[in-house]
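Asker: Data file entry_38.cif (mmCIF, C-alpha atoms) is appended below.
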```cif
data_target
#
loop_
_atom_site.label_atom_id
_atom_site.label_comp_id
_atom_site.auth_asym_id
_atom_site.auth_seq_id
_atom_site.Cartn_x
_atom_site.Cartn_y
_atom_site.Cartn_z
CA MET G 1 -6.35 194.57 -25.21
CA TRP G 2 -9.11 192.13 -26.12
CA TRP G 3 -11.51 193.05 -28.93
CA PHE G 4 -14.48 193.42 -26.54
CA GLN G 5 -12.51 195.96 -24.49
CA GLN G 6 -12.18 198.34 -27.42
CA GLY G 7 -14.63 201.23 -27.58
CA MET G 8 -18.26 200.14 -27.31
CA SER G 9 -17.59 196.50 -28.24
CA PHE G 10 -18.52 195.52 -24.69
CA PHE G 11 -22.24 196.02 -25.36
CA PRO G 12 -22.80 193.49 -28.18
CA ALA G 13 -20.66 190.95 -26.33
CA ALA G 14 -22.62 191.53 -23.11
CA LEU G 15 -25.92 191.24 -25.00
CA VAL G 16 -25.12 187.81 -26.41
CA ILE G 17 -23.59 186.41 -23.21
CA TRP G 18 -26.29 187.80 -20.90
CA SER G 19 -29.16 186.60 -23.11
CA ALA G 20 -27.72 183.12 -23.44
CA ALA G 21 -27.14 182.97 -19.68
CA GLY G 22 -30.75 184.02 -19.03
CA ILE G 23 -32.16 181.28 -21.24
CA ILE G 24 -29.85 178.59 -19.86
CA LEU G 25 -30.37 179.58 -16.21
CA SER G 26 -34.17 179.63 -16.48
CA PHE G 27 -34.08 176.30 -18.34
CA ILE G 28 -31.94 174.61 -15.67
CA THR G 29 -34.17 175.98 -12.90
CA ALA G 30 -37.36 174.81 -14.61
CA VAL G 31 -35.95 171.31 -15.25
CA LEU G 32 -34.62 170.87 -11.71
CA LEU G 33 -38.01 171.86 -10.27
CA ARG G 34 -39.72 169.57 -12.81
CA HIS G 35 -41.86 172.36 -14.17
CA ILE G 36 -40.98 171.32 -17.74
CA ASP G 37 -39.55 168.30 -19.53
CA SER G 38 -35.80 168.28 -20.07
CA LEU G 39 -36.19 167.08 -23.67
CA VAL G 40 -36.88 169.78 -26.29
CA PRO G 41 -39.00 172.25 -24.27
CA TYR G 42 -40.12 175.54 -25.74
CA ILE G 43 -37.98 178.48 -24.68
CA SER G 44 -41.21 180.20 -23.57
CA ASP G 45 -41.98 177.23 -21.31
CA THR G 46 -38.89 177.98 -19.23
CA GLY G 47 -40.34 181.36 -18.26
CA THR G 48 -43.91 180.50 -17.28
CA THR G 49 -43.71 179.27 -13.68
CA PRO G 50 -42.06 180.92 -10.64
CA PRO G 51 -39.19 181.15 -9.81
CA GLU G 52 -37.79 180.67 -13.34
CA ARG G 53 -40.40 183.11 -14.66
CA CYS G 54 -38.86 185.82 -12.50
CA ILE G 55 -35.35 184.95 -13.68
CA PHE G 56 -36.38 184.88 -17.33
CA GLY G 57 -38.30 188.16 -17.17
CA PHE G 58 -35.55 189.96 -15.28
CA MET G 59 -32.67 188.81 -17.47
CA MET G 60 -34.49 189.26 -20.79
CA SER G 61 -35.55 192.77 -19.79
CA ILE G 62 -31.90 193.64 -19.25
CA SER G 63 -31.16 192.02 -22.62
CA GLY G 64 -33.70 194.38 -24.15
CA PHE G 65 -31.86 197.34 -22.60
CA LEU G 66 -28.49 196.06 -23.84
CA GLY G 67 -30.05 195.61 -27.27
CA VAL G 68 -31.23 199.24 -27.29
CA VAL G 69 -27.75 200.49 -26.38
CA THR G 70 -26.06 198.24 -28.95
CA ILE G 71 -28.42 199.25 -31.74
CA TYR G 72 -27.95 202.93 -30.99
CA VAL G 73 -24.16 202.50 -30.95
CA ARG G 74 -24.39 200.78 -34.34
CA TYR G 75 -26.54 203.64 -35.64
CA LYS G 76 -23.98 206.25 -34.55
CA GLN G 77 -21.15 204.13 -35.94
CA VAL G 78 -22.71 203.97 -39.41
CA GLU G 79 -23.62 207.66 -39.25
CA THR G 80 -20.05 208.66 -38.37
CA LEU G 81 -18.39 206.43 -40.97
CA ASN G 82 -20.64 207.67 -43.77
CA GLN G 83 -20.76 211.41 -43.23
CA GLY G 84 -21.52 213.10 -46.54
CA ASP G 85 -21.64 209.80 -48.46
CA GLY G 86 -25.23 209.96 -49.68
CA HIS G 87 -28.82 210.12 -48.53
CA SER G 88 -29.65 206.43 -49.08
CA ILE G 89 -27.28 205.11 -46.41
CA ASN G 90 -28.45 207.65 -43.84
CA LYS G 91 -32.10 206.83 -44.57
CA LEU G 92 -31.47 203.07 -44.23
CA ASN G 93 -29.55 203.71 -41.03
CA ARG G 94 -32.38 205.70 -39.43
CA THR G 95 -34.98 203.13 -40.49
CA SER G 96 -32.92 200.27 -39.06
CA LEU G 97 -32.58 202.17 -35.78
CA VAL G 98 -36.36 202.43 -35.40
CA LEU G 99 -36.92 198.78 -36.33
CA GLY G 100 -34.18 197.63 -33.97
CA LEU G 101 -35.71 199.51 -31.06
CA ILE G 102 -39.11 197.99 -31.84
CA SER G 103 -37.55 194.53 -31.83
CA CYS G 104 -36.04 195.17 -28.40
CA LEU G 105 -39.46 196.26 -27.14
CA GLY G 106 -40.83 192.96 -28.42
CA LEU G 107 -38.20 191.07 -26.42
CA CYS G 108 -39.34 192.80 -23.22
CA ILE G 109 -42.96 191.92 -24.03
CA VAL G 110 -42.09 188.25 -24.58
CA ALA G 111 -40.18 188.16 -21.29
CA ASN G 112 -42.90 189.72 -19.15
CA PHE G 113 -46.14 188.44 -20.71
CA GLN G 114 -46.01 184.65 -20.37
CA LYS G 115 -47.78 182.48 -22.91
CA THR G 116 -49.74 180.72 -20.16
CA ALA G 117 -51.12 184.08 -18.98
CA ILE G 118 -51.82 186.18 -22.09
CA ILE G 119 -50.78 184.24 -25.16
CA GLN G 120 -52.01 186.93 -27.59
CA VAL G 121 -49.65 189.54 -26.13
CA HIS G 122 -46.83 186.97 -25.91
CA VAL G 123 -47.21 186.09 -29.60
CA CYS G 124 -47.37 189.79 -30.51
CA GLY G 125 -44.07 190.32 -28.70
CA ALA G 126 -42.53 187.37 -30.53
CA VAL G 127 -43.60 188.83 -33.88
CA LEU G 128 -41.99 192.15 -32.98
CA THR G 129 -38.82 190.47 -31.74
CA PHE G 130 -38.20 188.02 -34.56
CA GLY G 131 -40.24 189.40 -37.43
CA ILE G 132 -39.04 193.00 -37.08
CA GLY G 133 -35.64 191.73 -35.97
CA VAL G 134 -35.06 189.88 -39.23
CA VAL G 135 -36.04 193.01 -41.19
CA TYR G 136 -33.48 194.91 -39.11
CA LEU G 137 -30.91 192.29 -40.05
CA LEU G 138 -31.89 192.69 -43.72
CA LEU G 139 -31.32 196.46 -43.59
CA GLN G 140 -27.97 196.01 -41.84
CA THR G 141 -26.95 193.52 -44.54
CA ILE G 142 -27.83 196.08 -47.22
CA LEU G 143 -25.84 198.70 -45.32
CA SER G 144 -22.85 196.36 -45.19
CA TYR G 145 -23.08 195.90 -48.94
CA LYS G 146 -23.18 199.66 -49.55
CA MET G 147 -20.32 200.32 -47.15
CA GLN G 148 -17.84 197.91 -48.72
CA PRO G 149 -15.07 198.12 -49.81
CA LEU G 150 -14.42 201.63 -48.45
CA ILE G 151 -15.46 201.01 -44.82
CA HIS G 152 -14.90 197.25 -44.45
CA GLY G 153 -14.27 194.17 -46.55
CA ILE G 154 -16.84 192.02 -48.28
CA GLY G 155 -16.43 189.40 -45.54
CA ILE G 156 -18.71 191.34 -43.17
CA PHE G 157 -21.40 191.50 -45.84
CA ARG G 158 -21.15 187.75 -46.45
CA ILE G 159 -21.40 186.98 -42.73
CA ARG G 160 -24.52 189.11 -42.33
CA CYS G 161 -26.03 187.67 -45.50
CA ALA G 162 -25.54 184.13 -44.15
CA LEU G 163 -27.09 185.09 -40.81
CA LEU G 164 -30.02 186.69 -42.61
CA ILE G 165 -30.71 183.54 -44.63
CA TRP G 166 -30.41 181.35 -41.52
CA CYS G 167 -32.74 183.48 -39.40
CA ALA G 168 -35.29 183.99 -42.16
CA GLY G 169 -35.35 180.25 -42.90
CA SER G 170 -35.81 179.44 -39.22
CA ILE G 171 -38.69 181.88 -38.83
CA ILE G 172 -40.46 180.54 -41.93
CA SER G 173 -40.05 176.99 -40.64
CA MET G 174 -41.35 178.08 -37.25
CA PHE G 175 -44.45 179.62 -38.84
CA ILE G 176 -45.25 176.52 -40.92
CA SER G 177 -44.74 174.14 -37.99
CA SER G 178 -46.82 176.38 -35.71
CA VAL G 179 -49.73 176.34 -38.14
CA ILE G 180 -49.60 172.54 -38.31
CA LEU G 181 -49.36 172.02 -34.56
CA TYR G 182 -51.90 174.66 -33.53
CA SER G 183 -54.39 173.27 -36.05
CA MET G 184 -54.20 169.95 -34.19
CA ILE G 185 -54.40 171.37 -30.64
CA PRO G 186 -56.64 174.24 -29.45
CA THR G 187 -54.62 177.41 -28.87
CA ILE G 188 -55.43 177.74 -25.16
CA ASP G 189 -54.60 174.10 -24.43
CA MET G 190 -51.39 174.38 -26.42
CA ALA G 191 -50.28 177.47 -24.50
CA LYS G 192 -50.70 175.75 -21.13
CA LYS G 193 -49.17 172.43 -22.14
CA LEU G 194 -45.77 172.17 -20.42
CA HIS G 195 -45.29 168.39 -20.41
CA TRP G 196 -45.24 166.09 -23.43
CA ASN G 197 -45.64 162.32 -23.53
CA PRO G 198 -43.31 160.69 -26.09
CA THR G 199 -46.11 158.28 -27.04
CA GLU G 200 -48.48 161.10 -28.03
CA LYS G 201 -49.25 161.23 -31.72
CA LYS G 202 -48.65 164.99 -31.81
CA ASN G 203 -45.24 164.74 -30.13
CA THR G 204 -43.44 164.51 -33.49
CA PHE G 205 -44.85 167.86 -34.56
CA HIS G 206 -43.96 169.27 -31.17
CA CYS G 207 -40.32 168.19 -31.48
CA THR G 208 -40.13 169.63 -35.01
CA LEU G 209 -41.59 172.93 -33.87
CA VAL G 210 -39.28 173.22 -30.88
CA HIS G 211 -36.27 172.48 -33.07
CA VAL G 212 -37.04 175.22 -35.58
CA THR G 213 -38.13 177.74 -32.94
CA THR G 214 -35.00 177.17 -30.89
CA ASN G 215 -32.82 178.29 -33.81
CA PRO G 216 -34.18 181.84 -34.19
CA ILE G 217 -34.83 182.31 -30.48
CA GLN G 218 -31.42 181.26 -29.21
CA SER G 219 -29.86 183.07 -32.17
CA ASN G 220 -32.01 186.19 -32.06
CA PRO G 221 -31.30 188.20 -35.23
CA ILE G 222 -30.38 191.20 -33.08
CA GLN G 223 -27.89 189.11 -31.07
CA LEU G 224 -26.36 187.47 -34.13
CA LEU G 225 -25.91 190.77 -35.86
CA THR G 226 -24.50 192.68 -32.90
CA ALA G 227 -21.98 189.91 -32.27
CA GLN G 228 -20.36 191.03 -35.53
CA GLU G 229 -20.81 194.80 -35.13
CA HIS G 230 -17.19 195.52 -34.28
CA VAL G 231 -15.45 192.88 -36.39
#
```
Could you render the structure from this file as structure tokens?
Answerer:
Amino acid sequence: MWWFQQGMSFFPAALVIWSAAGIILSFITAVLLRHIDSLVPYISDTGTTPPERCIFGFMMSISGFLGVVTIYVRYKQVETLNQGDGHSINKLNRTSLVLGLISCLGLCIVANFQKTAIIQVHVCGAVLTFGIGVVYLLLQTILSYKMQPLIHGIGIFRIRCALLIWCAGSIISMFISSVILYSMIPTIDMAKKLHWNPTEKKNTFHCTLVHVTTNPIQSNPIQLLTAQEHV
């Protein structure tokens, strides 16, 4: 029996695979229809124009549902493994459950409120998804530290710690690059800009921003964490 066929391991595996498929499928559709440039587009750009907008919204909404199920399974797993082992772990576990659910809500907001339509709501959803998501990852890392060596080895803690550093670094880089780029281009114009000319002076900042935003988006903290839930 494969590892993803054991117990509830199917859900984190399905979350990662389905989310990646949604991003890739909407990207391919948008490029083939020439709605975006094939070189370093924003992930959000692949979900702004029909029909890829419909694909992106539909698949990311299902990802949000899979995320909710996975996070709840993780909550029950920690609760069961630590029965009677102290108040601090249970409190961290409950807090991480709430934050994880909020992050999944943010993913649904990002998927269904396109940046070309209502950028304020889109950005709010991104903050919930990645900002709250990285806090969720932090709490799960702390839980992993408290649960070793009785529940699992230190390797799980080290993996989650590395993922936390990677995601946090990517989000900080995204914020700094966003401030630089948005200070050069008005917010409304930036939100509706789907094609970039390589000769434009601002294209360098655009490429930098896309690079650092692709890291946390394609490796959503929730997805990265849940990929290791049943190791």
Asker: Record the distance separating atom CA of G:Gly153 and atom CA of G:Gln140, expressed in Å with one decimal.
Answerer: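 Calculated distance between atom CA of G:Gly153 and atom CA of G:Gln140 is 14.6 Å.
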Asker: What does the PyMOL selection byres ((chain G and resi 154-169) around 7) select in this file, as a PyMOL selection string?
Answerer: chain G and resi 134+137-138+141+144-145+148-149+152-153+170-173+216+221+225
Asker: When you draw a straight line from atom CA of G:Lys76 to atom CA of G:Gly133, how long is it in Å?
Answerer: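 Pair atom CA of G:Lys76 / atom CA of G:Gly133 returns 18.7 Å.
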Asker: Record the distance separating atom CA of G:Met147 and atom CA of G:Leu99, expressed in Å with one decimal.
Answerer: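 Computing the Euclidean distance for atom CA of G:Met147 and atom CA of G:Leu99 yields 19.9 Å.
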Asker: Taking the file as shown, find all residues satisfying the PyMOL selection byres ((chain G and resi 103-119) around 10) and write them as a PDB file with C-alpha atoms, in the frame of the given file.
Answerer:
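Generated output (part-v8.pdb):
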```
ATOM      1  CA  SER G  44     -41.210 180.200 -23.570  1.00  0.00           C
ATOM      2  CA  ASP G  45     -41.980 177.230 -21.310  1.00  0.00           C
ATOM      3  CA  THR G  46     -38.890 177.980 -19.230  1.00  0.00           C
ATOM      4  CA  GLY G  47     -40.340 181.360 -18.260  1.00  0.00           C
ATOM      5  CA  THR G  48     -43.910 180.500 -17.280  1.00  0.00           C
ATOM      6  CA  THR G  49     -43.710 179.270 -13.680  1.00  0.00           C
ATOM      7  CA  ARG G  53     -40.400 183.110 -14.660  1.00  0.00           C
ATOM      8  CA  CYS G  54     -38.860 185.820 -12.500  1.00  0.00           C
ATOM      9  CA  ILE G  55     -35.350 184.950 -13.680  1.00  0.00           C
ATOM     10  CA  PHE G  56     -36.380 184.880 -17.330  1.00  0.00           C
ATOM     11  CA  GLY G  57     -38.300 188.160 -17.170  1.00  0.00           C
ATOM     12  CA  PHE G  58     -35.550 189.960 -15.280  1.00  0.00           C
ATOM     13  CA  MET G  59     -32.670 188.810 -17.470  1.00  0.00           C
ATOM     14  CA  MET G  60     -34.490 189.260 -20.790  1.00  0.00           C
ATOM     15  CA  SER G  61     -35.550 192.770 -19.790  1.00  0.00           C
ATOM     16  CA  ILE G  62     -31.900 193.640 -19.250  1.00  0.00           C
ATOM     17  CA  SER G  63     -31.160 192.020 -22.620  1.00  0.00           C
ATOM     18  CA  GLY G  64     -33.700 194.380 -24.150  1.00  0.00           C
ATOM     19  CA  PHE G  65     -31.860 197.340 -22.600  1.00  0.00           C
ATOM     20  CA  LEU G  66     -28.490 196.060 -23.840  1.00  0.00           C
ATOM     21  CA  GLY G  67     -30.050 195.610 -27.270  1.00  0.00           C
ATOM     22  CA  VAL G  68     -31.230 199.240 -27.290  1.00  0.00           C
ATOM     23  CA  ILE G  71     -28.420 199.250 -31.740  1.00  0.00           C
ATOM     24  CA  LEU G  97     -32.580 202.170 -35.780  1.00  0.00           C
ATOM     25  CA  VAL G  98     -36.360 202.430 -35.400  1.00  0.00           C
ATOM     26  CA  LEU G  99     -36.920 198.780 -36.330  1.00  0.00           C
ATOM     27  CA  GLY G 100     -34.180 197.630 -33.970  1.00  0.00           C
ATOM     28  CA  LEU G 101     -35.710 199.510 -31.060  1.00  0.00           C
ATOM     29  CA  ILE G 102     -39.110 197.990 -31.840  1.00  0.00           C
ATOM     30  CA  GLN G 120     -52.010 186.930 -27.590  1.00  0.00           C
ATOM     31  CA  VAL G 121     -49.650 189.540 -26.130  1.00  0.00           C
ATOM     32  CA  HIS G 122     -46.830 186.970 -25.910  1.00  0.00           C
ATOM     33  CA  VAL G 123     -47.210 186.090 -29.600  1.00  0.00           C
ATOM     34  CA  CYS G 124     -47.370 189.790 -30.510  1.00  0.00           C
ATOM     35  CA  GLY G 125     -44.070 190.320 -28.700  1.00  0.00           C
ATOM     36  CA  ALA G 126     -42.530 187.370 -30.530  1.00  0.00           C
ATOM     37  CA  VAL G 127     -43.600 188.830 -33.880  1.00  0.00           C
ATOM     38  CA  LEU G 128     -41.990 192.150 -32.980  1.00  0.00           C
ATOM     39  CA  THR G 129     -38.820 190.470 -31.740  1.00  0.00           C
ATOM     40  CA  PHE G 130     -38.200 188.020 -34.560  1.00  0.00           C
ATOM     41  CA  GLY G 131     -40.240 189.400 -37.430  1.00  0.00           C
ATOM     42  CA  ILE G 132     -39.040 193.000 -37.080  1.00  0.00           C
ATOM     43  CA  GLY G 133     -35.640 191.730 -35.970  1.00  0.00           C
ATOM     44  CA  VAL G 134     -35.060 189.880 -39.230  1.00  0.00           C
ATOM     45  CA  VAL G 135     -36.040 193.010 -41.190  1.00  0.00           C
ATOM     46  CA  TYR G 136     -33.480 194.910 -39.110  1.00  0.00           C
ATOM     47  CA  THR G 187     -54.620 177.410 -28.870  1.00  0.00           C
ATOM     48  CA  ILE G 188     -55.430 177.740 -25.160  1.00  0.00           C
ATOM     49  CA  ASP G 189     -54.600 174.100 -24.430  1.00  0.00           C
ATOM     50  CA  MET G 190     -51.390 174.380 -26.420  1.00  0.00           C
ATOM     51  CA  ALA G 191     -50.280 177.470 -24.500  1.00  0.00           C
ATOM     52  CA  LYS G 192     -50.700 175.750 -21.130  1.00  0.00           C
ATOM     53  CA  LYS G 193     -49.170 172.430 -22.140  1.00  0.00           C
ATOM     54  CA  LEU G 194     -45.770 172.170 -20.420  1.00  0.00           C
ATOM     55  CA  ASN G 220     -32.010 186.190 -32.060  1.00  0.00           C
ATOM     56  CA  PRO G 221     -31.300 188.200 -35.230  1.00  0.00           C
ATOM     57  CA  ILE G 222     -30.380 191.200 -33.080  1.00  0.00           C
TER      58      ILE G 222
END
```
Asker: Can you list, as a list in words, the residues that the PyMOL selection byres ((chain G and resi 36) around 8) selects here?
Answerer: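 On this input, the PyMOL selection byres ((chain G and resi 36) around 8) captures Ala30, Val31, Arg34, His35, Asp37, Ser38, Pro41, Asp45, Thr46, Leu194 and His195 of chain G.
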Asker: Could you pull the residues within 12 Å of G:Lys91, counting only C-alpha atoms, minus those fewer than 5 positions along the same chain, as a count of residues only?
Answerer: 13
Asker: Need the neighbours of (-25.3, 188.4, -23.6): which residues are at most 10 Å away, counting only C-alpha atoms, as a list in words?
Answerer: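 Residues with an atom at most 10 Å from (-25.3, 188.4, -23.6): Phe10, Phe11, Pro12, Ala13, Ala14, Leu15, Val16, Ile17, Trp18, Ser19, Ala20, Ala21, Gly22, Met59, Met60, Ile62, Ser63, Leu66, Gly67, Gln223 and Ala227 of chain G.
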Asker: Counting only C-alpha atoms, figure out which residue out of G:Thr29, G:Phe175, G:Ile151, G:Ser9 gets nearest to G:Thr70.
Answerer: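 Selected residue with least distance to G:Thr70: G:Ser9.
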